[in-house]
Amino acid sequence: MSRRPTGDPASTAVSVLRDVGGAGNVTSLTSCFTRLRFVLGDESKVDVTALESNAGVLSVMRAGGQTQVVIGHEALAVREAMDKLLAGLPTAGSHDAARPTTPRGNVFDRFVALVSALFQPFLWVLAGTGLLKALIVLLGVVGWLHPADGTYVILSAGADALFYFLPMFLALTAAKRFGANQFVALALAGGLLYPTIVTLGSAAGPVTFLGLPVVMAHYSSSVVPIIVTVWAQGHAERWLRAVLPGALGNFLSPALVVLILFPLTLLTVGPATTYLSNVVAAGVGWLYGVSPAVGGFLIGGLTQVLVIFGIHWALIAVIVNEYSTVGHSLIVVPIYAAVAAQTGAALAVFLRTRDPRIRQVAGPATLSGLLAGITEPLLYGVNLPLRRPFVIGLGCGGLGGAVAGASGVASSAFAVPSLFTMPITLGTGNFPLFVAAVVGSLVSACALTLLFGSPGPGPMLEPARPAATSTQPASASAPDSQTVPASAPAPDSRTTSVSRTTSDARTTPILAPVSGLTMPVESMPDKVFASGALGQGMCVMPADGRLVAPVAGEVKACLPHAYGIRSDTGLDVLVHIGIDTARLHGEHFTAAVKHGDRVAAGDLLGTVDLDALKKAGYNPITAVMITNSARTAGIETIATGRVAAGDPLIRVRA
């Protein structure tokens with residue numbers, strides 16, 4: 001079941017920082033539209049279970065040499081709060097400008113992490129100016145602006161400036177990444193864009209430096225030359241810092257770095273990396289020359305898979321390189337179809353689901369995809385948990401990408417693919433065919449998800465059927481999260497109310513995992529459970545410490561304070577004992593099963609010392625949740641009041 005942010009970035013930042021091992025474990029931190037990207041000193045310190053239980057976290061993964069915590073739309077706000085927590089702490093590597101980030105993982109992981117660190121800090125600005133560029137192009141096409149008008153020129157200058165001076169922006173982020181002086185890096189980048197150097201790049205005759213021939217290139221909007229130069233700068237500065245006296249090093253180090261590196265860049269790094277960039281651009285052109293449809297199909301079908309694992313940054317580097325070498329991008333065109341397809345699938349879920357929690361995620365996530373081109377919220381919160389919508393989106397994205405590639409359009413400026421930025425391709429290829437490809441991807445994914453997006457009857461495709469409800473007495477209200485009743489209800493004096501709904505083959509009974517007093521899950525003093533973010537279910541205030549299996553099936557997770565069972569009917573059932581009991585790291589708990597064991601309904605799962613738990617200040621309220629309840633037709637309450645472990649508690653409709 002998907003989760004949604006709490007709306008409290010500061011609280012999320014505190015809990016996430018704690019669960020990744022604290023400030024001292026953070027080597028570097030970057031963020032993108034929807035996720036925090038940590039490079040950590042010790043991965044074993046990460047509490048993945050606690051992170052994934054955080055109501056402000058959508059998903060956690062390890063990719064690109066990073067621990068990625070997916071937040072959603074509030075990622076930047078959480079990042080700002082996180083920066084305040086890390087500010088001034090010498091143990092936080094991301095705030096030590098004199099020390100480069102240590103590369104981790106294989107070559108590809110390190111490349112992805114590098115691209116993420118270099119482009120992420122200004123990607124929002126790049127996307128925003130790209131949107132402005134799309135608007136200017138559209139106004140020019142409809143005749144409201146003319147390229148010779150002062151208004152057009154002024155607006156274009158504002159929209160194009162970041163991309164033209166891209167080496168200077170990369171100089172700042174590369175200096176931070178490689179532990180170099182940011183202002184020296186800016187001086188080197190400024191030299192590449194100096195008007196006289198730009199003029200030399202257009203000179204007809206040979207250019208020499210101390211008699212050596214210089215192969216001049218155009219460095220505006222370039223990517224690789226400045227990155228390589230700043231990497232060399234970082235190494236040079238550390239060596240000079242070690243050999244020069246402190247007072248002299250303050251001014252001699254910048255002077256020597258610029259004196260040596262700037263000409264060296266023009267003589268070697270610039271021509272070599274420019275040639276490499278041209279080779280990459282030529283490779284993309286070759287692929288589209290062989291078959292634009294095949295290229296579009298591969299990119300449109302696979303892009304969102306890359307997004308899931310956080311390695312789509314590798315594509316961004318190639319896309320930006322396209323703009324700087326050939327002046328336009330072909331790769332970004334099929335991505336419009338990929339984004340539209342996943343958005344269409346999420347729209348279908350929003351239109352047909354009767355589960356209010358899914359709608360709360362699907363609605364804003366769909367708008368995010370349509371208007372901003374950001375798909376992480378709908379991928380993690382809607383399509384991936386339901387599976388079929390995601391697969392349908394991949395297929396429609398691939399087919400739409402093939403048509404978009406065949407249209408021959410190209411994007412003239414960097415912009416995040418969305419409905420608003422489609423005009424960026426005007427004036428190239430068959431624009432109506434491109435529009436048909438994108439809209440067709442959205443509509444087809446929406447229609448197919450409506451028809452086939454659910455594996456069976458359930459809230460996805462059927463109107464909600466009213467579940468039996470129970471009214472709890474005032475004495476059964478949930479206790480405060482830090483206050484536990486002095487005595488728990490005794491099972492031998494229970495007053496059980498049992499629903500007489502007849503069971504059939506389409507329902508699965510879920511047993512009470514402990515003896516005690518039943519309560520609605522909404523009364524739990526934990527917002528993750530109470531909000532239904534982990535699914536539907538019930539909770540019990542335990543009277544003793546004996547825990548039993550609520551269903552027959554396989555133990556898929558066995559933590560001291562929680563058990564996950566995959567039932568024989570395909571239900572994912574979670575038994576979670578207590579509030580915040582993960583902090584005890586197994587103390588007071590004894591497991592009777594292990595991961596992979598088969599259990600029958602009513603078998604012993606483990607025991608807990610309730611008295612010790614209460615003395616430690618923990619609330620022992622126990623939840624039994626159907627975590628994939630989005631794929632069911634809902635649940636019915638069977639018993640209310642006091643129950644014994646193993647009594648029927650709820651019934652799940654297939």
# chains A, B, ... in the order shown; residues from 1 in each chain; ligands from 1
>>> residues_around(residues="stretch 590-592 of chain A", least_positions_apart="5", cutoff="7 Å", atoms="only C-alpha atoms", output="number ranges by chain")
A: 560, 604-608
>>> closest_atom_pairs(of="stretch 395-448 of chain A", to="stretch 300-304 of chain A", cutoff="10 Å", atoms="only C-alpha atoms", output="tab-separated table")
residue	atom	partner	partner_atom	distance
A:Gly395	CA	A:Gly301	CA	6.3
A:Cys396	CA	A:Gly301	CA	7.7
A:Gly397	CA	A:Gly300	CA	5.0
A:Gly398	CA	A:Gly301	CA	3.8
A:Leu399	CA	A:Gly300	CA	7.4
A:Gly400	CA	A:Gly300	CA	7.0
A:Gly401	CA	A:Gly300	CA	4.4
A:Ala402	CA	A:Gly300	CA	7.3
A:Val403	CA	A:Gly300	CA	9.8
A:Ala404	CA	A:Gly300	CA	8.9
A:Gly405	CA	A:Gly300	CA	9.2
>>> write_last_selection(atoms="N, CA and C atoms", output="compact mmCIF listing (two decimals), in the first residue's frame")
# COMPACT_ATOMS: atom_id res chain seq x y z
N GLY A 395 4.55 -0.55 -21.66
CA GLY A 395 4.22 -0.95 -23.03
C GLY A 395 3.74 0.21 -23.87
N CYS A 396 2.83 1.00 -23.33
CA CYS A 396 2.31 2.15 -24.08
C CYS A 396 3.39 3.21 -24.27
N GLY A 397 4.28 3.36 -23.29
CA GLY A 397 5.39 4.30 -23.44
C GLY A 397 6.33 3.89 -24.55
N GLY A 398 6.58 2.57 -24.66
CA GLY A 398 7.45 2.08 -25.74
C GLY A 398 6.84 2.32 -27.11
N LEU A 399 5.56 1.99 -27.26
CA LEU A 399 4.90 2.18 -28.56
C LEU A 399 4.79 3.67 -28.90
N GLY A 400 4.41 4.47 -27.90
CA GLY A 400 4.34 5.91 -28.14
C GLY A 400 5.70 6.50 -28.45
N GLY A 401 6.74 5.99 -27.77
CA GLY A 401 8.09 6.45 -28.06
C GLY A 401 8.53 6.12 -29.47
N ALA A 402 8.11 4.96 -29.99
CA ALA A 402 8.44 4.59 -31.37
C ALA A 402 7.82 5.57 -32.36
N VAL A 403 6.56 5.93 -32.12
CA VAL A 403 5.90 6.89 -33.01
C VAL A 403 6.53 8.28 -32.87
N ALA A 404 6.85 8.67 -31.63
CA ALA A 404 7.49 9.97 -31.40
C ALA A 404 8.84 10.03 -32.09
N GLY A 405 9.62 8.94 -32.00
CA GLY A 405 10.90 8.91 -32.69
C GLY A 405 10.74 9.01 -34.19
>>> atom_distance(atom1="atom CA of A:Asp580", atom2="atom CA of A:Asp42")
23.3 Å
>>> residues_around(residues="stretch 261-270 of chain A", least_positions_apart="2", cutoff="7 Å", atoms="only C-alpha atoms", output="PyMOL selection string")
chain A and resi 188+214-215+225+229+257-259+272-274
>>> write_last_selection(atoms="all heavy atoms", output="tab-separated table (two decimals), in the first residue's frame")
chain	number	residue	atom	x	y	z
A	188	LEU	N	38.18	29.54	-14.17
A	188	LEU	CA	38.52	28.66	-15.29
A	188	LEU	C	37.37	28.56	-16.28
A	188	LEU	O	37.57	28.62	-17.50
A	188	LEU	CB	38.89	27.27	-14.76
A	188	LEU	CG	40.19	27.18	-13.94
A	188	LEU	CD1	40.28	25.82	-13.24
A	188	LEU	CD2	41.40	27.40	-14.84
A	214	VAL	N	46.80	25.23	-31.12
A	214	VAL	CA	45.63	25.07	-30.27
A	214	VAL	C	44.41	24.78	-31.15
A	214	VAL	O	44.09	25.58	-32.04
A	214	VAL	CB	45.36	26.33	-29.43
A	214	VAL	CG1	44.12	26.12	-28.55
A	214	VAL	CG2	46.57	26.68	-28.58
A	215	VAL	N	43.80	23.63	-30.92
A	215	VAL	CA	42.57	23.29	-31.64
A	215	VAL	C	41.40	23.94	-30.89
A	215	VAL	O	40.99	23.46	-29.82
A	215	VAL	CB	42.37	21.77	-31.73
A	215	VAL	CG1	41.07	21.45	-32.47
A	215	VAL	CG2	43.56	21.11	-32.41
A	225	PRO	N	34.40	19.33	-20.76
A	225	PRO	CA	35.68	20.03	-20.54
A	225	PRO	C	35.83	20.62	-19.14
A	225	PRO	O	36.86	20.44	-18.49
A	225	PRO	CB	35.69	21.11	-21.63
A	225	PRO	CG	34.84	20.54	-22.72
A	225	PRO	CD	33.76	19.80	-22.02
A	229	THR	N	38.43	19.57	-16.11
A	229	THR	CA	39.35	20.61	-15.66
A	229	THR	C	39.25	20.83	-14.15
A	229	THR	O	40.27	20.94	-13.45
A	229	THR	CB	39.05	21.94	-16.39
A	229	THR	OG1	39.22	21.74	-17.79
A	229	THR	CG2	39.97	23.04	-15.92
A	257	VAL	N	47.26	27.58	-10.51
A	257	VAL	CA	46.23	26.70	-11.08
A	257	VAL	C	45.72	27.28	-12.40
A	257	VAL	O	45.61	26.58	-13.41
A	257	VAL	CB	45.08	26.49	-10.08
A	257	VAL	CG1	43.88	25.86	-10.78
A	257	VAL	CG2	45.52	25.61	-8.93
A	258	VAL	N	45.38	28.58	-12.39
A	258	VAL	CA	44.87	29.19	-13.62
A	258	VAL	C	45.97	29.26	-14.67
A	258	VAL	O	45.74	28.98	-15.86
A	258	VAL	CB	44.32	30.60	-13.32
A	258	VAL	CG1	43.92	31.30	-14.62
A	258	VAL	CG2	43.11	30.52	-12.38
A	259	LEU	N	47.20	29.62	-14.26
A	259	LEU	CA	48.31	29.74	-15.21
A	259	LEU	C	48.57	28.42	-15.93
A	259	LEU	O	48.83	28.42	-17.14
A	259	LEU	CB	49.57	30.18	-14.46
A	259	LEU	CG	50.88	30.21	-15.27
A	259	LEU	CD1	50.78	31.26	-16.38
A	259	LEU	CD2	52.07	30.47	-14.37
A	272	ALA	N	40.07	17.14	-26.71
A	272	ALA	CA	39.82	15.71	-26.52
A	272	ALA	C	38.38	15.44	-26.07
A	272	ALA	O	37.70	14.56	-26.61
A	272	ALA	CB	40.80	15.14	-25.50
A	273	THR	N	37.92	16.19	-25.08
A	273	THR	CA	36.57	15.96	-24.58
A	273	THR	C	35.51	16.43	-25.57
A	273	THR	O	34.42	15.86	-25.63
A	273	THR	CB	36.38	16.67	-23.23
A	273	THR	OG1	36.69	18.06	-23.36
A	273	THR	CG2	37.27	16.06	-22.17
A	274	THR	N	35.82	17.47	-26.33
A	274	THR	CA	34.89	17.90	-27.37
A	274	THR	C	34.74	16.81	-28.42
A	274	THR	O	33.63	16.53	-28.89
A	274	THR	CB	35.38	19.20	-28.02
A	274	THR	OG1	35.45	20.23	-27.03
A	274	THR	CG2	34.43	19.65	-29.13
>>> residues_around(residues="stretch 136-142 of chain A", least_positions_apart="6", cutoff="12 Å", atoms="only C-alpha atoms", output="NGL selection string")
:A and (129-130 or 148-149 or 151-160 or 411-413 or 420-428)
>>> write_last_selection(atoms="N, CA, C and O atoms", output="compact mmCIF listing (two decimals), in the first residue's frame")
# COMPACT_ATOMS: atom_id res chain seq x y z
N THR A 129 13.68 27.34 -16.82
CA THR A 129 14.05 28.16 -17.98
C THR A 129 13.72 27.42 -19.28
O THR A 129 13.42 28.06 -20.30
N GLY A 130 13.75 26.08 -19.24
CA GLY A 130 13.33 25.32 -20.41
C GLY A 130 11.85 25.51 -20.69
O GLY A 130 11.42 25.62 -21.85
N ALA A 148 12.98 39.23 -34.27
CA ALA A 148 13.67 40.52 -34.35
C ALA A 148 13.19 41.51 -33.30
O ALA A 148 13.82 42.56 -33.09
N ASP A 149 12.08 41.21 -32.64
CA ASP A 149 11.53 42.12 -31.63
C ASP A 149 12.41 42.15 -30.39
O ASP A 149 13.00 41.14 -29.99
N THR A 151 11.38 42.44 -27.37
CA THR A 151 10.76 41.58 -26.35
C THR A 151 11.23 40.15 -26.50
O THR A 151 11.58 39.48 -25.52
N TYR A 152 11.25 39.65 -27.74
CA TYR A 152 11.68 38.28 -28.01
C TYR A 152 13.14 38.09 -27.60
O TYR A 152 13.50 37.10 -26.95
N VAL A 153 13.97 39.06 -27.96
CA VAL A 153 15.40 38.95 -27.66
C VAL A 153 15.65 38.95 -26.16
O VAL A 153 16.45 38.14 -25.64
N ILE A 154 14.95 39.84 -25.44
CA ILE A 154 15.16 39.93 -23.99
C ILE A 154 14.69 38.66 -23.29
O ILE A 154 15.39 38.10 -22.43
N LEU A 155 13.50 38.18 -23.65
CA LEU A 155 12.99 36.95 -23.04
C LEU A 155 13.88 35.75 -23.37
O LEU A 155 14.15 34.90 -22.52
N SER A 156 14.36 35.69 -24.60
CA SER A 156 15.22 34.58 -25.00
C SER A 156 16.54 34.60 -24.24
O SER A 156 17.08 33.54 -23.88
N ALA A 157 17.07 35.80 -23.99
CA ALA A 157 18.32 35.89 -23.24
C ALA A 157 18.15 35.32 -21.84
O ALA A 157 19.00 34.59 -21.33
N GLY A 158 17.03 35.65 -21.20
CA GLY A 158 16.78 35.10 -19.87
C GLY A 158 16.61 33.60 -19.88
O GLY A 158 17.09 32.89 -19.00
N ALA A 159 15.92 33.08 -20.91
CA ALA A 159 15.67 31.65 -20.99
C ALA A 159 16.92 30.86 -21.39
O ALA A 159 17.09 29.72 -20.97
N ASP A 160 17.80 31.46 -22.20
CA ASP A 160 18.97 30.74 -22.72
C ASP A 160 20.22 30.90 -21.87
O ASP A 160 21.19 30.16 -22.06
N SER A 411 13.95 18.32 -29.69
CA SER A 411 13.79 19.36 -28.67
C SER A 411 14.92 20.37 -28.81
O SER A 411 16.09 20.01 -28.83
N SER A 412 14.57 21.64 -28.89
CA SER A 412 15.57 22.68 -29.14
C SER A 412 16.18 23.25 -27.87
O SER A 412 17.14 24.01 -27.94
N ALA A 413 15.64 22.90 -26.70
CA ALA A 413 16.20 23.37 -25.43
C ALA A 413 15.83 22.39 -24.34
O ALA A 413 14.82 21.69 -24.43
N PHE A 420 3.19 20.86 -20.87
CA PHE A 420 3.51 22.27 -21.02
C PHE A 420 4.74 22.52 -21.88
O PHE A 420 4.87 23.59 -22.49
N THR A 421 5.66 21.57 -21.92
CA THR A 421 6.92 21.82 -22.64
C THR A 421 6.94 21.20 -24.04
O THR A 421 7.97 21.26 -24.71
N MET A 422 5.85 20.63 -24.48
CA MET A 422 5.82 20.05 -25.83
C MET A 422 6.13 21.06 -26.94
O MET A 422 6.74 20.70 -27.95
N PRO A 423 5.74 22.35 -26.80
CA PRO A 423 6.07 23.31 -27.86
C PRO A 423 7.56 23.48 -28.12
O PRO A 423 7.94 24.08 -29.13
N ILE A 424 8.42 22.95 -27.23
CA ILE A 424 9.86 23.09 -27.43
C ILE A 424 10.31 22.37 -28.69
O ILE A 424 11.40 22.60 -29.21
N THR A 425 9.46 21.49 -29.23
CA THR A 425 9.81 20.74 -30.44
C THR A 425 9.21 21.36 -31.71
O THR A 425 9.41 20.82 -32.80
N LEU A 426 8.48 22.46 -31.57
CA LEU A 426 7.88 23.10 -32.74
C LEU A 426 8.94 23.52 -33.75
O LEU A 426 10.03 23.96 -33.38
N GLY A 427 8.60 23.39 -35.02
CA GLY A 427 9.52 23.79 -36.08
C GLY A 427 10.42 22.68 -36.55
O GLY A 427 11.26 22.89 -37.44
N THR A 428 10.29 21.49 -35.97
CA THR A 428 11.10 20.36 -36.40
C THR A 428 10.20 19.16 -36.66
O THR A 428 9.26 18.91 -35.91
>>> closest_residue(among="A:Met524, A:Ala282, A:Ile626, A:Ala512", to="A:Gly646", atoms="only C-alpha atoms")
A:Ala512
>>> closest_residue(among="A:Arg238, A:Arg642, A:Arg18, A:Arg35", to="A:Leu51", atoms="only C-alpha atoms")
A:Arg18
>>> residues_around(residues="A:Arg241", least_positions_apart="3", cutoff="12 Å", atoms="only C-alpha atoms", output="PyMOL selection string")
chain A and resi 98+180-181+233-238+244-254+256-257
>>> residues_around(residues="stretch 444-453 of chain A", least_positions_apart="5", cutoff="8 Å", atoms="only C-alpha atoms", output="JSON, numbers by chain")
{"A": [341, 342, 344, 345, 346, 347, 348, 349, 352, 386, 388, 389, 392, 393, 396, 460, 461]}
>>> write_last_selection(atoms="all heavy atoms", output="tab-separated table (two decimals), in the first residue's frame")
chain	number	residue	atom	x	y	z
A	341	ALA	N	2.46	7.95	-20.65
A	341	ALA	CA	1.87	6.63	-20.46
A	341	ALA	C	1.71	6.30	-18.98
A	341	ALA	O	0.65	5.82	-18.55
A	341	ALA	CB	2.73	5.58	-21.15
A	342	GLN	N	2.76	6.53	-18.19
A	342	GLN	CA	2.63	6.25	-16.76
A	342	GLN	C	1.60	7.18	-16.11
A	342	GLN	O	0.87	6.77	-15.20
A	342	GLN	CB	3.99	6.41	-16.08
A	342	GLN	CG	5.02	5.37	-16.46
A	342	GLN	CD	4.65	3.97	-16.03
A	342	GLN	OE1	3.87	3.77	-15.10
A	342	GLN	NE2	5.20	2.98	-16.72
A	344	GLY	N	-1.08	8.37	-17.64
A	344	GLY	CA	-2.39	7.86	-18.03
A	344	GLY	C	-2.81	6.67	-17.18
A	344	GLY	O	-3.99	6.56	-16.80
A	345	ALA	N	-1.87	5.79	-16.87
A	345	ALA	CA	-2.19	4.64	-16.02
A	345	ALA	C	-2.61	5.10	-14.63
A	345	ALA	O	-3.57	4.58	-14.06
A	345	ALA	CB	-0.99	3.71	-15.95
A	346	ALA	N	-1.89	6.07	-14.08
A	346	ALA	CA	-2.24	6.59	-12.75
A	346	ALA	C	-3.59	7.30	-12.78
A	346	ALA	O	-4.37	7.23	-11.82
A	346	ALA	CB	-1.16	7.53	-12.25
A	347	LEU	N	-3.89	7.98	-13.89
A	347	LEU	CA	-5.18	8.66	-14.03
A	347	LEU	C	-6.32	7.64	-13.99
A	347	LEU	O	-7.36	7.87	-13.38
A	347	LEU	CB	-5.21	9.44	-15.34
A	347	LEU	CG	-6.54	10.11	-15.70
A	347	LEU	CD1	-6.94	11.14	-14.64
A	347	LEU	CD2	-6.44	10.78	-17.08
A	348	ALA	N	-6.11	6.50	-14.65
A	348	ALA	CA	-7.14	5.46	-14.63
A	348	ALA	C	-7.39	4.95	-13.22
A	348	ALA	O	-8.53	4.72	-12.81
A	348	ALA	CB	-6.71	4.31	-15.54
A	349	VAL	N	-6.32	4.77	-12.47
A	349	VAL	CA	-6.48	4.34	-11.07
A	349	VAL	C	-7.28	5.37	-10.29
A	349	VAL	O	-8.19	5.03	-9.53
A	349	VAL	CB	-5.10	4.12	-10.43
A	349	VAL	CG1	-5.25	3.79	-8.94
A	349	VAL	CG2	-4.34	3.00	-11.14
A	352	ARG	N	-11.10	5.19	-11.17
A	352	ARG	CA	-11.89	4.02	-10.86
A	352	ARG	C	-11.76	3.49	-9.43
A	352	ARG	O	-12.61	2.74	-8.98
A	352	ARG	CB	-11.53	2.88	-11.83
A	352	ARG	CG	-11.95	3.16	-13.27
A	352	ARG	CD	-13.46	3.38	-13.40
A	352	ARG	NE	-14.21	2.20	-13.01
A	352	ARG	CZ	-14.51	1.20	-13.85
A	352	ARG	NH1	-14.14	1.25	-15.11
A	352	ARG	NH2	-15.18	0.16	-13.42
A	386	LEU	N	0.47	-1.41	-7.57
A	386	LEU	CA	-0.60	-2.14	-8.26
A	386	LEU	C	-0.08	-2.99	-9.42
A	386	LEU	O	-0.83	-3.78	-9.99
A	386	LEU	CB	-1.66	-1.15	-8.77
A	386	LEU	CG	-2.41	-0.40	-7.67
A	386	LEU	CD1	-3.36	0.62	-8.28
A	386	LEU	CD2	-3.19	-1.36	-6.78
A	388	ARG	N	0.17	-3.92	-12.43
A	388	ARG	CA	-0.30	-3.93	-13.82
A	388	ARG	C	-0.33	-2.54	-14.46
A	388	ARG	O	0.03	-2.39	-15.62
A	388	ARG	CB	-1.68	-4.59	-13.90
A	388	ARG	CG	-1.63	-6.09	-13.68
A	388	ARG	CD	-2.91	-6.75	-14.11
A	388	ARG	NE	-2.87	-8.18	-13.83
A	388	ARG	CZ	-3.84	-9.03	-14.18
A	388	ARG	NH1	-4.92	-8.56	-14.81
A	388	ARG	NH2	-3.74	-10.31	-13.90
A	389	PRO	N	-0.76	-1.50	-13.73
A	389	PRO	CA	-0.68	-0.17	-14.34
A	389	PRO	C	0.74	0.20	-14.77
A	389	PRO	O	0.93	0.83	-15.81
A	389	PRO	CB	-1.20	0.75	-13.23
A	389	PRO	CG	-2.11	-0.10	-12.43
A	389	PRO	CD	-1.48	-1.46	-12.45
A	392	ILE	N	1.56	-1.80	-17.97
A	392	ILE	CA	0.81	-1.20	-19.09
A	392	ILE	C	1.46	0.11	-19.51
A	392	ILE	O	1.59	0.40	-20.70
A	392	ILE	CB	-0.67	-0.99	-18.69
A	392	ILE	CG1	-1.38	-2.34	-18.56
A	392	ILE	CG2	-1.39	-0.11	-19.71
A	392	ILE	CD1	-2.76	-2.26	-17.95
A	393	GLY	N	1.89	0.91	-18.54
A	393	GLY	CA	2.55	2.17	-18.85
A	393	GLY	C	3.84	1.97	-19.62
A	393	GLY	O	4.16	2.73	-20.54
A	396	CYS	N	2.83	1.00	-23.33
A	396	CYS	CA	2.31	2.15	-24.08
A	396	CYS	C	3.39	3.21	-24.27
A	396	CYS	O	3.43	3.87	-25.31
A	396	CYS	CB	1.11	2.75	-23.33
A	396	CYS	SG	-0.34	1.67	-23.29
A	460	MET	N	-10.13	-1.48	-7.22
A	460	MET	CA	-9.62	-0.84	-8.41
A	460	MET	C	-10.69	-0.74	-9.48
A	460	MET	O	-10.81	0.25	-10.18
A	460	MET	CB	-8.42	-1.65	-8.92
A	460	MET	CG	-7.85	-1.20	-10.25
A	460	MET	SD	-7.19	0.46	-10.18
A	460	MET	CE	-7.18	0.83	-11.95
A	461	LEU	N	-11.51	-1.78	-9.63
A	461	LEU	CA	-12.47	-1.82	-10.73
A	461	LEU	C	-13.91	-1.96	-10.28
A	461	LEU	O	-14.80	-2.01	-11.11
A	461	LEU	CB	-12.13	-2.97	-11.68
A	461	LEU	CG	-10.80	-2.83	-12.41
A	461	LEU	CD1	-10.57	-4.03	-13.32
A	461	LEU	CD2	-10.76	-1.56	-13.24
>>> atom_distance(atom1="atom CA of A:Gly537", atom2="atom CA of A:Ala623")
7.3 Å
>>> atom_distance(atom1="atom CA of A:Gly211", atom2="atom CA of A:Thr196")
18.8 Å
>>> residues_around(residues="A:Ser221", least_positions_apart="3", cutoff="9 Å", atoms="only C-alpha atoms", output="compact mmCIF listing (two decimals) with N, CA and C atoms, in the first residue's frame")
# COMPACT_ATOMS: atom_id res chain seq x y z
N LEU A 162 21.24 30.33 -18.75
CA LEU A 162 21.78 29.23 -17.96
C LEU A 162 22.46 28.20 -18.86
N PHE A 163 21.80 27.86 -19.95
CA PHE A 163 22.39 26.82 -20.79
C PHE A 163 23.64 27.32 -21.51
N TYR A 164 23.64 28.59 -21.92
CA TYR A 164 24.83 29.13 -22.59
C TYR A 164 26.02 29.13 -21.62
N PHE A 165 25.76 29.54 -20.37
CA PHE A 165 26.83 29.61 -19.36
C PHE A 165 26.88 28.34 -18.50
N LEU A 166 26.41 27.24 -19.04
CA LEU A 166 26.39 25.98 -18.30
C LEU A 166 27.74 25.61 -17.70
N PRO A 167 28.88 25.83 -18.38
CA PRO A 167 30.17 25.49 -17.75
C PRO A 167 30.39 26.17 -16.40
N HIS A 218 34.14 25.47 -29.39
CA HIS A 218 33.15 26.33 -28.75
C HIS A 218 32.76 25.71 -27.41
N VAL A 320 21.98 16.41 -22.24
CA VAL A 320 22.63 17.72 -22.17
C VAL A 320 23.78 17.79 -23.17
N ASN A 321 24.50 16.69 -23.34
CA ASN A 321 25.59 16.66 -24.32
C ASN A 321 25.06 16.87 -25.73
N TYR A 323 22.50 18.71 -26.66
CA TYR A 323 22.25 20.14 -26.85
C TYR A 323 23.55 20.89 -27.10
N SER A 324 24.58 20.55 -26.37
CA SER A 324 25.83 21.32 -26.47
C SER A 324 26.61 21.00 -27.74
N THR A 325 26.36 19.84 -28.36
CA THR A 325 27.13 19.46 -29.55
C THR A 325 26.36 19.71 -30.84
